[in-house]
$ cat model-v8.txt   # compact mmCIF, C-alpha atoms
# COMPACT_ATOMS: atom_id res chain seq x y z
CA MET A 1 0.00 0.00 0.00
CA ILE A 2 1.25 3.41 -0.89
CA GLU A 3 -0.24 6.86 -0.27
CA VAL A 4 -0.46 8.84 -3.51
CA VAL A 5 -1.02 12.59 -3.28
CA TYR A 6 -1.81 15.13 -5.97
CA PHE A 7 -1.48 18.90 -6.04
CA ALA A 8 -2.65 21.85 -8.15
CA TRP A 9 -4.06 20.93 -11.60
CA VAL A 10 -3.02 17.29 -11.16
CA ARG A 11 -5.36 17.12 -8.16
CA GLU A 12 -8.11 18.87 -10.13
CA ARG A 13 -7.76 16.60 -13.16
CA ILE A 14 -7.76 13.39 -11.12
CA GLY A 15 -10.48 14.74 -8.88
CA LEU A 16 -9.07 13.89 -5.46
CA PRO A 17 -6.23 15.09 -3.25
CA ARG A 18 -4.95 11.71 -2.09
CA GLU A 19 -5.65 8.01 -2.19
CA ARG A 20 -4.20 4.74 -0.98
CA VAL A 21 -3.04 2.58 -3.85
CA GLU A 22 -2.42 -1.14 -3.85
CA THR A 23 0.54 -1.55 -6.18
CA THR A 24 3.37 -3.81 -7.19
CA ALA A 25 5.20 -1.02 -9.03
CA ARG A 26 8.94 -0.96 -8.39
CA THR A 27 9.48 2.55 -9.71
CA VAL A 28 7.53 5.80 -9.99
CA ALA A 29 7.28 5.25 -13.76
CA GLU A 30 5.65 1.84 -13.22
CA LEU A 31 3.19 3.39 -10.75
CA VAL A 32 2.33 6.04 -13.34
CA GLU A 33 1.63 3.31 -15.92
CA GLU A 34 -0.67 1.50 -13.48
CA LEU A 35 -2.55 4.70 -12.71
CA LYS A 36 -2.87 5.66 -16.39
CA ALA A 37 -4.39 2.27 -17.15
CA ARG A 38 -7.13 2.83 -14.55
CA GLU A 39 -9.25 5.56 -16.04
CA GLU A 40 -9.27 8.36 -18.59
CA ARG A 41 -8.79 11.10 -15.99
CA TYR A 42 -5.50 9.50 -14.88
CA ALA A 43 -4.35 9.03 -18.46
CA LEU A 44 -5.09 12.71 -19.04
CA ALA A 45 -3.29 13.90 -15.92
CA PHE A 46 -0.20 11.84 -16.73
CA SER A 47 -0.21 12.37 -20.50
CA ASP A 48 2.87 14.64 -20.47
CA LEU A 49 5.39 13.68 -17.81
CA SER A 50 7.66 16.58 -18.72
CA ALA A 51 4.97 18.84 -17.24
CA LEU A 52 5.03 16.93 -13.95
CA ARG A 53 7.29 16.66 -10.94
CA VAL A 54 7.39 13.87 -8.39
CA ALA A 55 8.40 13.53 -4.76
CA VAL A 56 8.88 10.24 -2.94
CA ASP A 57 8.49 10.54 0.83
CA GLN A 58 8.63 14.34 0.50
CA GLU A 59 11.91 14.38 -1.45
CA LEU A 60 11.97 15.60 -5.05
CA THR A 61 13.13 12.85 -7.36
CA GLY A 62 12.76 11.51 -10.91
CA PHE A 63 10.32 9.12 -12.54
CA ASP A 64 12.94 6.37 -12.53
CA ALA A 65 13.12 6.50 -8.70
CA SER A 66 12.63 3.25 -6.79
CA LEU A 67 9.54 2.77 -4.64
CA ALA A 68 11.23 0.24 -2.35
CA GLY A 69 10.12 1.12 1.17
CA ALA A 70 8.31 4.25 0.00
CA ARG A 71 5.23 5.37 1.92
CA GLU A 72 4.11 8.42 -0.01
CA VAL A 73 4.40 9.52 -3.63
CA ALA A 74 3.34 13.02 -4.67
CA PHE A 75 2.64 14.25 -8.21
CA PHE A 76 2.42 17.94 -9.06
CA PRO A 77 3.24 20.55 -11.68
CA PRO A 78 6.49 22.55 -11.50
CA MET A 79 6.45 24.56 -8.30
CA THR A 80 5.69 28.27 -8.21
CA GLY A 81 6.76 29.52 -4.82
CA GLY A 82 8.14 32.87 -3.84
CA MET B 1 31.24 34.20 28.08
CA GLN B 2 31.26 37.21 25.81
CA GLU B 3 30.63 34.85 22.90
CA ALA B 4 27.61 33.46 24.73
CA VAL B 5 26.17 36.95 25.14
CA LYS B 6 26.87 37.77 21.50
CA ASN B 7 25.09 34.65 20.31
CA ARG B 8 22.12 34.92 22.59
CA GLY B 9 20.03 36.87 20.13
CA ARG B 10 20.07 34.21 17.49
CA GLU B 11 19.53 31.36 19.96
CA GLU B 12 16.44 33.08 21.28
CA GLN B 13 15.02 33.18 17.80
CA GLY B 14 15.12 29.37 17.93
CA ALA B 15 16.26 26.99 15.19
CA GLY B 16 12.72 25.86 14.41
CA GLU B 17 11.57 29.44 14.02
CA ARG B 18 13.67 30.43 11.06
CA VAL B 19 11.20 28.88 8.63
CA ARG B 20 7.49 29.58 8.98
CA VAL B 21 4.71 28.44 6.66
CA GLN B 22 1.46 30.06 7.68
CA ARG B 23 -1.93 31.32 6.57
CA GLU B 24 -1.70 34.53 8.59
CA ASP B 25 -0.03 37.76 7.60
CA PHE B 26 3.23 38.84 9.24
CA ASP B 27 4.88 42.13 10.14
CA PRO B 28 8.08 42.63 8.10
CA GLY B 29 9.30 45.43 10.35
CA ARG B 30 8.97 43.32 13.42
CA GLU B 31 10.65 40.35 11.75
CA LEU B 32 13.62 42.49 10.71
CA ASP B 33 13.82 43.96 14.16
CA MET B 34 13.94 40.51 15.75
CA LEU B 35 16.24 38.93 13.18
CA ALA B 36 19.66 39.63 14.61
CA ARG B 37 18.70 41.31 17.85
CA GLY B 38 21.52 41.23 20.36
CA ALA B 39 24.13 40.11 17.83
CA THR B 40 27.15 42.41 17.48
CA ASP B 41 28.83 40.60 14.58
CA ILE B 42 26.11 41.46 12.02
CA GLY B 43 26.85 44.32 9.65
CA ALA B 44 24.17 43.75 7.04
CA VAL B 45 20.51 42.76 7.01
CA VAL B 46 18.82 42.20 3.64
CA SER B 47 15.17 41.41 3.08
CA PHE B 48 12.80 40.67 0.23
CA THR B 49 9.01 40.74 0.49
CA GLY B 50 6.83 39.20 -2.21
CA VAL B 51 3.40 40.78 -2.79
CA VAL B 52 0.36 39.65 -4.80
CA ARG B 53 0.49 41.62 -8.04
CA ASP B 54 -2.41 42.52 -10.31
CA LEU B 55 -1.15 44.40 -13.33
CA PRO B 56 -4.32 44.04 -15.48
CA GLY B 57 -6.48 45.02 -12.53
CA THR B 58 -8.77 41.99 -12.92
CA LEU B 59 -7.45 39.64 -10.23
CA HIS B 60 -9.95 38.70 -7.53
CA TYR B 61 -7.49 36.72 -5.45
CA MET B 62 -4.65 34.24 -5.54
CA GLU B 63 -5.04 30.80 -3.96
CA ILE B 64 -1.74 29.35 -2.79
CA GLU B 65 -1.65 25.62 -2.24
CA HIS B 66 1.27 23.75 -0.68
CA TYR B 67 2.43 20.30 0.39
CA PRO B 68 2.33 20.55 4.18
CA ALA B 69 4.49 17.48 4.90
CA MET B 70 7.23 18.71 2.57
CA THR B 71 7.17 22.50 2.59
CA ALA B 72 8.90 23.42 5.83
CA PRO B 73 11.55 20.65 5.62
CA ALA B 74 12.36 21.61 2.01
CA ILE B 75 12.75 25.29 2.91
CA GLU B 76 14.71 24.41 6.04
CA ALA B 77 17.20 22.51 3.84
CA MET B 78 17.60 25.60 1.60
CA VAL B 79 18.12 27.81 4.64
CA ALA B 80 20.71 25.43 6.09
CA GLU B 81 22.62 25.56 2.83
CA ALA B 82 22.46 29.36 2.67
CA VAL B 83 23.55 29.75 6.28
CA GLY B 84 26.53 27.46 5.73
CA ARG B 85 27.56 28.83 2.38
CA TRP B 86 27.38 32.54 3.22
CA ARG B 87 28.04 32.14 6.94
CA LEU B 88 24.87 33.94 7.86
CA GLY B 89 24.39 35.09 11.42
CA ALA B 90 20.63 34.81 11.07
CA CYS B 91 18.05 33.93 8.46
CA ARG B 92 14.28 33.96 8.23
CA VAL B 93 11.86 32.64 5.62
CA ILE B 94 8.11 33.17 5.99
CA HIS B 95 5.74 31.94 3.29
CA ARG B 96 1.98 32.23 3.37
CA TYR B 97 -0.64 29.97 1.80
CA GLY B 98 -4.39 30.20 1.29
CA ARG B 99 -6.40 32.97 -0.30
CA LEU B 100 -4.52 36.25 -0.80
CA LYS B 101 -5.83 39.44 -2.36
CA PRO B 102 -3.86 41.85 -4.59
CA GLY B 103 -1.48 43.90 -2.48
CA GLU B 104 -1.24 41.30 0.28
CA ARG B 105 2.14 39.99 1.35
CA ILE B 106 2.94 36.45 0.16
CA MET B 107 6.35 35.80 1.62
CA MET B 108 9.52 37.23 3.05
CA VAL B 109 13.18 36.29 3.09
CA ALA B 110 15.62 38.00 5.44
CA THR B 111 19.31 37.35 5.84
CA ALA B 112 21.87 38.78 8.23
CA ALA B 113 25.63 38.54 7.78
CA PRO B 114 28.78 40.40 8.77
CA HIS B 115 28.99 41.93 5.25
CA ARG B 116 26.41 43.00 2.70
CA VAL B 117 27.55 40.91 -0.28
CA ALA B 118 26.92 37.70 1.65
CA ALA B 119 23.53 38.91 2.86
CA PHE B 120 22.43 39.96 -0.66
CA GLU B 121 23.68 36.80 -2.34
CA ALA B 122 22.14 34.49 0.24
CA ALA B 123 18.79 36.27 -0.09
CA GLN B 124 18.88 35.87 -3.89
CA PHE B 125 19.87 32.23 -3.59
CA LEU B 126 16.91 31.61 -1.27
CA MET B 127 14.51 33.49 -3.55
CA ASP B 128 15.64 31.51 -6.59
CA TYR B 129 15.25 28.20 -4.78
CA LEU B 130 11.92 29.07 -3.18
CA LYS B 131 10.56 29.95 -6.60
CA SER B 132 11.28 26.58 -8.18
CA ARG B 133 11.91 24.09 -5.37
CA ALA B 134 9.52 24.92 -2.56
CA PRO B 135 6.25 22.99 -3.03
CA PHE B 136 3.82 25.85 -3.55
CA TRP B 137 1.37 26.33 -6.42
CA LYS B 138 -0.45 29.53 -7.21
CA LYS B 139 -3.85 29.80 -8.79
CA GLU B 140 -5.06 33.16 -10.00
CA VAL B 141 -8.79 33.71 -9.86
CA ALA B 142 -9.69 36.70 -12.01
CA ALA B 143 -12.69 38.23 -13.78
CA GLU B 144 -11.83 36.22 -16.92
CA GLY B 145 -11.54 32.90 -15.08
CA ALA B 146 -9.12 30.83 -13.00
CA ARG B 147 -5.66 29.69 -14.07
CA TRP B 148 -2.67 28.02 -12.47
CA VAL B 149 0.43 30.17 -12.61
CA GLU B 150 2.96 28.36 -14.76
CA ALA B 151 6.61 27.99 -13.83
CA ARG B 152 8.87 29.99 -16.12
CA ASP B 153 12.00 28.61 -17.79
CA ALA B 154 13.83 31.70 -16.58
CA ASP B 155 13.12 30.70 -12.99
CA GLU B 156 14.56 27.24 -13.54
CA ASP B 157 17.58 28.76 -15.32
CA ALA B 158 18.18 31.08 -12.38
CA LEU B 159 19.19 28.05 -10.28
CA LYS B 160 22.18 27.34 -12.52
CA ARG B 161 24.16 30.28 -11.25
CA TRP B 162 24.28 28.74 -7.76

$ encode --input "model-v8.txt" --output "structure tokens"
Amino acid sequence: MIEVVYFAWVRERIGLPRERVETTARTVAELVEELKAREERYALAFSDLSALRVAVDQELTGFDASLAGAREVAFFPPMTGG
Amino acid sequence: MQEAVKNRGREEQGAGERVRVQREDFDPGRELDMLARGATDIGAVVSFTGVVRDLPGTLHYMEIEHYPAMTAPAIEAMVAEAVGRWRLGACRVIHRYGRLKPGERIMMVATAAPHRVAAFEAAQFLMDYLKSRAPFWKKEVAAEGARWVEARDADEDALKRW
């Protein structure tokens, strides 16, 4: 089980802020593929990965990152702080 | 002993206090006043305050969303790097979230160092990193509709100089 959280337009497109996902994915990229296969709204949200950023357990990382031992994965657009 | 007195100001500010993520407004004057109070080895205090801008005059408000579990730790890591790299005597980052109207303060960075170059550079470093690496997202709600503010390539490029 892994907690998947979404922010900004990713959250709006998928339609929920977080969910628990039963997965066998070994990497973020595999998790994305599983999610995309679920429903159209996921496929839409993840259609262009270059427009997305990912954090595993609150650390920014890449889509090739391992999910071994991970508790939380967050997907969001490039940040706009400041 | 003298060293202990000299350092008291920054210890009182508390390590956990140098980064604050909050809904409420803050008082920049008071923050600057408190920043290096009691320290006698500070020669320069630099600050930047970000404000909600509305150039077309159509913005109703800005909604700032963030990733609560990640925001403060991510900013704390940036502050730790800035403090070490520019040997800052004190540093403060305050960033608001929630619904903010045009003219309202969004955030503030303040740095204190023995010399001004270090204070200026550290403040710019923190601003550049906050812009692209702190997990905040801004949505502008205006007369013509709502839109997420997009990250600019120039902001990402700004990180390269550090």

$ closest_residue --input "model-v8.txt" --among "A:Gly62, A:Leu44, A:Thr80, A:Lys36" --to "chain B" --atoms "all atoms listed in the file"
A:Thr80

$ closest_residue --input "model-v8.txt" --among "B:Ile42, B:Ala80, B:His115, B:Lys160" --to "Arg92 of chain B" --atoms "only C-alpha atoms"
B:Ala80

$ residues_around --input "model-v8.txt" --residues "segment 137-149 of chain B" --least-positions-apart "5" --cutoff "12 Å" --atoms "all atoms listed in the file" --output "ChimeraX atom specification"
/A:6-12,76-82 /B:52-67,71,96-102,106,130-132

$ write_last_selection --input "model-v8.txt" --atoms "C-alpha atoms" --output "mmCIF file, keeping the file's coordinate frame"
data_model
loop_
_atom_site.group_PDB
_atom_site.id
_atom_site.type_symbol
_atom_site.label_atom_id
_atom_site.label_comp_id
_atom_site.auth_asym_id
_atom_site.auth_seq_id
_atom_site.Cartn_x
_atom_site.Cartn_y
_atom_site.Cartn_z
ATOM 1 C CA TYR A 6 -1.810 15.130 -5.970
ATOM 2 C CA PHE A 7 -1.480 18.900 -6.040
ATOM 3 C CA ALA A 8 -2.650 21.850 -8.150
ATOM 4 C CA TRP A 9 -4.060 20.930 -11.600
ATOM 5 C CA VAL A 10 -3.020 17.290 -11.160
ATOM 6 C CA ARG A 11 -5.360 17.120 -8.160
ATOM 7 C CA GLU A 12 -8.110 18.870 -10.130
ATOM 8 C CA PHE A 76 2.420 17.940 -9.060
ATOM 9 C CA PRO A 77 3.240 20.550 -11.680
ATOM 10 C CA PRO A 78 6.490 22.550 -11.500
ATOM 11 C CA MET A 79 6.450 24.560 -8.300
ATOM 12 C CA THR A 80 5.690 28.270 -8.210
ATOM 13 C CA GLY A 81 6.760 29.520 -4.820
ATOM 14 C CA GLY A 82 8.140 32.870 -3.840
ATOM 15 C CA VAL B 52 0.360 39.650 -4.800
ATOM 16 C CA ARG B 53 0.490 41.620 -8.040
ATOM 17 C CA ASP B 54 -2.410 42.520 -10.310
ATOM 18 C CA LEU B 55 -1.150 44.400 -13.330
ATOM 19 C CA PRO B 56 -4.320 44.040 -15.480
ATOM 20 C CA GLY B 57 -6.480 45.020 -12.530
ATOM 21 C CA THR B 58 -8.770 41.990 -12.920
ATOM 22 C CA LEU B 59 -7.450 39.640 -10.230
ATOM 23 C CA HIS B 60 -9.950 38.700 -7.530
ATOM 24 C CA TYR B 61 -7.490 36.720 -5.450
ATOM 25 C CA MET B 62 -4.650 34.240 -5.540
ATOM 26 C CA GLU B 63 -5.040 30.800 -3.960
ATOM 27 C CA ILE B 64 -1.740 29.350 -2.790
ATOM 28 C CA GLU B 65 -1.650 25.620 -2.240
ATOM 29 C CA HIS B 66 1.270 23.750 -0.680
ATOM 30 C CA TYR B 67 2.430 20.300 0.390
ATOM 31 C CA THR B 71 7.170 22.500 2.590
ATOM 32 C CA ARG B 96 1.980 32.230 3.370
ATOM 33 C CA TYR B 97 -0.640 29.970 1.800
ATOM 34 C CA GLY B 98 -4.390 30.200 1.290
ATOM 35 C CA ARG B 99 -6.400 32.970 -0.300
ATOM 36 C CA LEU B 100 -4.520 36.250 -0.800
ATOM 37 C CA LYS B 101 -5.830 39.440 -2.360
ATOM 38 C CA PRO B 102 -3.860 41.850 -4.590
ATOM 39 C CA ILE B 106 2.940 36.450 0.160
ATOM 40 C CA LEU B 130 11.920 29.070 -3.180
ATOM 41 C CA LYS B 131 10.560 29.950 -6.600
ATOM 42 C CA SER B 132 11.280 26.580 -8.180
#

$ residues_around --input "model-v8.txt" --residues "segment 64-68 of chain A" --least-positions-apart "4" --cutoff "6 Å" --atoms "all atoms listed in the file" --output "PyMOL selection string"
chain A and resi 26-29

$ closest_residue --input "model-v8.txt" --among "A:Glu22, A:Ala55, A:Leu60, A:Arg13" --to "Val73 of chain A" --atoms "all atoms listed in the file"
A:Ala55

$ atom_distance --input "model-v8.txt" --atom1 "atom CA of Gly69 of chain A" --atom2 "atom CA of Pro17 of chain A"
22.0 Å

$ residues_around --input "model-v8.txt" --residues "Ala74 of chain B" --least-positions-apart "2" --cutoff "12 Å" --atoms "all atoms listed in the file" --output "ChimeraX atom specification"
/A:55,57-60,81 /B:19-21,66-72,76-81,93,126,129-130,132-136

$ atom_distance --input "model-v8.txt" --atom1 "atom CA of Phe125 of chain B" --atom2 "atom CA of Ala90 of chain B"
14.9 Å

$ residues_around --input "model-v8.txt" --residues "Val54 of chain A" --least-positions-apart "3" --cutoff "6 Å" --atoms "only C-alpha atoms" --output "list of chain:residue names"
A:Leu60, A:Thr61, A:Ala74, A:Phe75

$ write_last_selection --input "model-v8.txt" --atoms "C-alpha atoms" --output "PDB file, in the coordinates of the input"
ATOM      1  CA  LEU A  60      11.970  15.600  -5.050  1.00  0.00           C
ATOM      2  CA  THR A  61      13.130  12.850  -7.360  1.00  0.00           C
ATOM      3  CA  ALA A  74       3.340  13.020  -4.670  1.00  0.00           C
ATOM      4  CA  PHE A  75       2.640  14.250  -8.210  1.00  0.00           C
TER       5      PHE A  75
END

$ closest_residue --input "model-v8.txt" --among "B:Met108, B:Phe26, B:Pro114, B:Ile75" --to "Ala39 of chain B" --atoms "all atoms listed in the file"
B:Pro114

$ residues_around --input "model-v8.txt" --residues "Asp27 of chain B" --least-positions-apart "5" --cutoff "12 Å" --atoms "all atoms listed in the file" --output "list in words"
Leu32, Asp33, Met34, Thr49, Ile94, Glu104, Arg105, Ile106, Met107 and Met108 of chain B

$ write_last_selection --input "model-v8.txt" --atoms "C-alpha atoms" --output "compact mmCIF listing (two decimals), in the frame of the given file"
# COMPACT_ATOMS: atom_id res chain seq x y z
CA LEU B 32 13.62 42.49 10.71
CA ASP B 33 13.82 43.96 14.16
CA MET B 34 13.94 40.51 15.75
CA THR B 49 9.01 40.74 0.49
CA ILE B 94 8.11 33.17 5.99
CA GLU B 104 -1.24 41.30 0.28
CA ARG B 105 2.14 39.99 1.35
CA ILE B 106 2.94 36.45 0.16
CA MET B 107 6.35 35.80 1.62
CA MET B 108 9.52 37.23 3.05

$ atom_distance --input "model-v8.txt" --atom1 "atom CA of Val21 of chain A" --atom2 "atom CA of Met1 of chain A"
5.5 Å

$ closest_residue --input "model-v8.txt" --among "B:Arg161, B:Arg23, B:His95, B:Arg30" --to "chain A" --atoms "only C-alpha atoms"
B:His95

$ closest_residue --input "model-v8.txt" --among "A:Leu52, A:Ala37, A:Ala70, A:Leu31" --to "chain B" --atoms "all atoms listed in the file"
A:Leu52

$ decode --input "model-v8.txt" --residues "segment 57-68 of chain A" --atoms "all heavy atoms" --output "PDB file, in the first residue's frame"
ATOM      1  N   ASP A  57       8.304  10.243  -0.596  1.00  0.00           N
ATOM      2  CA  ASP A  57       8.490  10.542   0.834  1.00  0.00           C
ATOM      3  C   ASP A  57       9.029  11.965   1.039  1.00  0.00           C
ATOM      4  O   ASP A  57       9.997  12.196   1.762  1.00  0.00           O
ATOM      5  CB  ASP A  57       9.386   9.494   1.501  1.00  0.00           C
ATOM      6  CG  ASP A  57       8.674   8.158   1.610  1.00  0.00           C
ATOM      7  OD1 ASP A  57       7.424   8.147   1.641  1.00  0.00           O
ATOM      8  OD2 ASP A  57       9.347   7.118   1.626  1.00  0.00           O
ATOM      9  N   GLN A  58       8.390  12.893   0.367  1.00  0.00           N
ATOM     10  CA  GLN A  58       8.630  14.338   0.496  1.00  0.00           C
ATOM     11  C   GLN A  58       9.987  14.807  -0.029  1.00  0.00           C
ATOM     12  O   GLN A  58      10.425  15.918   0.281  1.00  0.00           O
ATOM     13  CB  GLN A  58       8.459  14.820   1.944  1.00  0.00           C
ATOM     14  CG  GLN A  58       7.051  14.653   2.487  1.00  0.00           C
ATOM     15  CD  GLN A  58       6.850  13.317   3.150  1.00  0.00           C
ATOM     16  OE1 GLN A  58       7.698  12.851   3.886  1.00  0.00           O
ATOM     17  NE2 GLN A  58       5.707  12.700   2.894  1.00  0.00           N
ATOM     18  N   GLU A  59      10.654  13.963  -0.825  1.00  0.00           N
ATOM     19  CA  GLU A  59      11.911  14.382  -1.445  1.00  0.00           C
ATOM     20  C   GLU A  59      11.704  14.405  -2.954  1.00  0.00           C
ATOM     21  O   GLU A  59      11.270  13.412  -3.540  1.00  0.00           O
ATOM     22  CB  GLU A  59      13.037  13.380  -1.142  1.00  0.00           C
ATOM     23  CG  GLU A  59      13.484  13.347   0.302  1.00  0.00           C
ATOM     24  CD  GLU A  59      14.524  14.419   0.608  1.00  0.00           C
ATOM     25  OE1 GLU A  59      15.027  15.065  -0.338  1.00  0.00           O
ATOM     26  OE2 GLU A  59      14.812  14.606   1.810  1.00  0.00           O
ATOM     27  N   LEU A  60      12.072  15.517  -3.593  1.00  0.00           N
ATOM     28  CA  LEU A  60      11.969  15.596  -5.048  1.00  0.00           C
ATOM     29  C   LEU A  60      12.857  14.533  -5.678  1.00  0.00           C
ATOM     30  O   LEU A  60      13.982  14.327  -5.249  1.00  0.00           O
ATOM     31  CB  LEU A  60      12.464  16.960  -5.526  1.00  0.00           C
ATOM     32  CG  LEU A  60      11.479  18.111  -5.537  1.00  0.00           C
ATOM     33  CD1 LEU A  60      12.205  19.361  -6.017  1.00  0.00           C
ATOM     34  CD2 LEU A  60      10.286  17.813  -6.425  1.00  0.00           C
ATOM     35  N   THR A  61      12.330  13.886  -6.709  1.00  0.00           N
ATOM     36  CA  THR A  61      13.128  12.852  -7.356  1.00  0.00           C
ATOM     37  C   THR A  61      12.682  12.735  -8.814  1.00  0.00           C
ATOM     38  O   THR A  61      11.945  13.583  -9.302  1.00  0.00           O
ATOM     39  CB  THR A  61      12.979  11.522  -6.581  1.00  0.00           C
ATOM     40  OG1 THR A  61      13.848  10.569  -7.157  1.00  0.00           O
ATOM     41  CG2 THR A  61      11.552  10.991  -6.606  1.00  0.00           C
ATOM     42  N   GLY A  62      13.139  11.688  -9.499  1.00  0.00           N
ATOM     43  CA  GLY A  62      12.765  11.513 -10.907  1.00  0.00           C
ATOM     44  C   GLY A  62      11.804  10.353 -11.070  1.00  0.00           C
ATOM     45  O   GLY A  62      11.536   9.607 -10.123  1.00  0.00           O
ATOM     46  N   PHE A  63      11.287  10.184 -12.300  1.00  0.00           N
ATOM     47  CA  PHE A  63      10.316   9.118 -12.535  1.00  0.00           C
ATOM     48  C   PHE A  63      10.945   7.718 -12.510  1.00  0.00           C
ATOM     49  O   PHE A  63      10.241   6.730 -12.410  1.00  0.00           O
ATOM     50  CB  PHE A  63       9.555   9.381 -13.841  1.00  0.00           C
ATOM     51  CG  PHE A  63       8.528  10.462 -13.690  1.00  0.00           C
ATOM     52  CD1 PHE A  63       8.879  11.801 -13.844  1.00  0.00           C
ATOM     53  CD2 PHE A  63       7.229  10.156 -13.332  1.00  0.00           C
ATOM     54  CE1 PHE A  63       7.938  12.807 -13.666  1.00  0.00           C
ATOM     55  CE2 PHE A  63       6.286  11.159 -13.144  1.00  0.00           C
ATOM     56  CZ  PHE A  63       6.641  12.487 -13.309  1.00  0.00           C
ATOM     57  N   ASP A  64      12.272   7.674 -12.583  1.00  0.00           N
ATOM     58  CA  ASP A  64      12.941   6.371 -12.526  1.00  0.00           C
ATOM     59  C   ASP A  64      13.235   5.958 -11.079  1.00  0.00           C
ATOM     60  O   ASP A  64      13.805   4.899 -10.825  1.00  0.00           O
ATOM     61  CB  ASP A  64      14.248   6.410 -13.341  1.00  0.00           C
ATOM     62  CG  ASP A  64      15.173   7.534 -12.904  1.00  0.00           C
ATOM     63  OD1 ASP A  64      14.750   8.364 -12.057  1.00  0.00           O
ATOM     64  OD2 ASP A  64      16.322   7.581 -13.389  1.00  0.00           O
ATOM     65  N   ALA A  65      12.822   6.775 -10.113  1.00  0.00           N
ATOM     66  CA  ALA A  65      13.120   6.496  -8.704  1.00  0.00           C
ATOM     67  C   ALA A  65      12.453   5.200  -8.228  1.00  0.00           C
ATOM     68  O   ALA A  65      11.334   4.875  -8.640  1.00  0.00           O
ATOM     69  CB  ALA A  65      12.659   7.658  -7.833  1.00  0.00           C
ATOM     70  N   SER A  66      13.147   4.496  -7.362  1.00  0.00           N
ATOM     71  CA  SER A  66      12.633   3.255  -6.789  1.00  0.00           C
ATOM     72  C   SER A  66      11.544   3.548  -5.759  1.00  0.00           C
ATOM     73  O   SER A  66      11.580   4.572  -5.067  1.00  0.00           O
ATOM     74  CB  SER A  66      13.777   2.506  -6.109  1.00  0.00           C
ATOM     75  OG  SER A  66      13.251   1.473  -5.303  1.00  0.00           O
ATOM     76  N   LEU A  67      10.589   2.618  -5.653  1.00  0.00           N
ATOM     77  CA  LEU A  67       9.540   2.770  -4.645  1.00  0.00           C
ATOM     78  C   LEU A  67       9.767   1.829  -3.456  1.00  0.00           C
ATOM     79  O   LEU A  67       8.907   1.694  -2.600  1.00  0.00           O
ATOM     80  CB  LEU A  67       8.166   2.500  -5.266  1.00  0.00           C
ATOM     81  CG  LEU A  67       7.659   3.559  -6.246  1.00  0.00           C
ATOM     82  CD1 LEU A  67       6.260   3.196  -6.743  1.00  0.00           C
ATOM     83  CD2 LEU A  67       7.635   4.939  -5.600  1.00  0.00           C
ATOM     84  N   ALA A  68      10.939   1.177  -3.435  1.00  0.00           N
ATOM     85  CA  ALA A  68      11.233   0.243  -2.345  1.00  0.00           C
ATOM     86  C   ALA A  68      11.162   0.978  -1.002  1.00  0.00           C
ATOM     87  O   ALA A  68      11.889   1.939  -0.781  1.00  0.00           O
ATOM     88  CB  ALA A  68      12.611  -0.373  -2.546  1.00  0.00           C
TER      89      ALA A  68
END
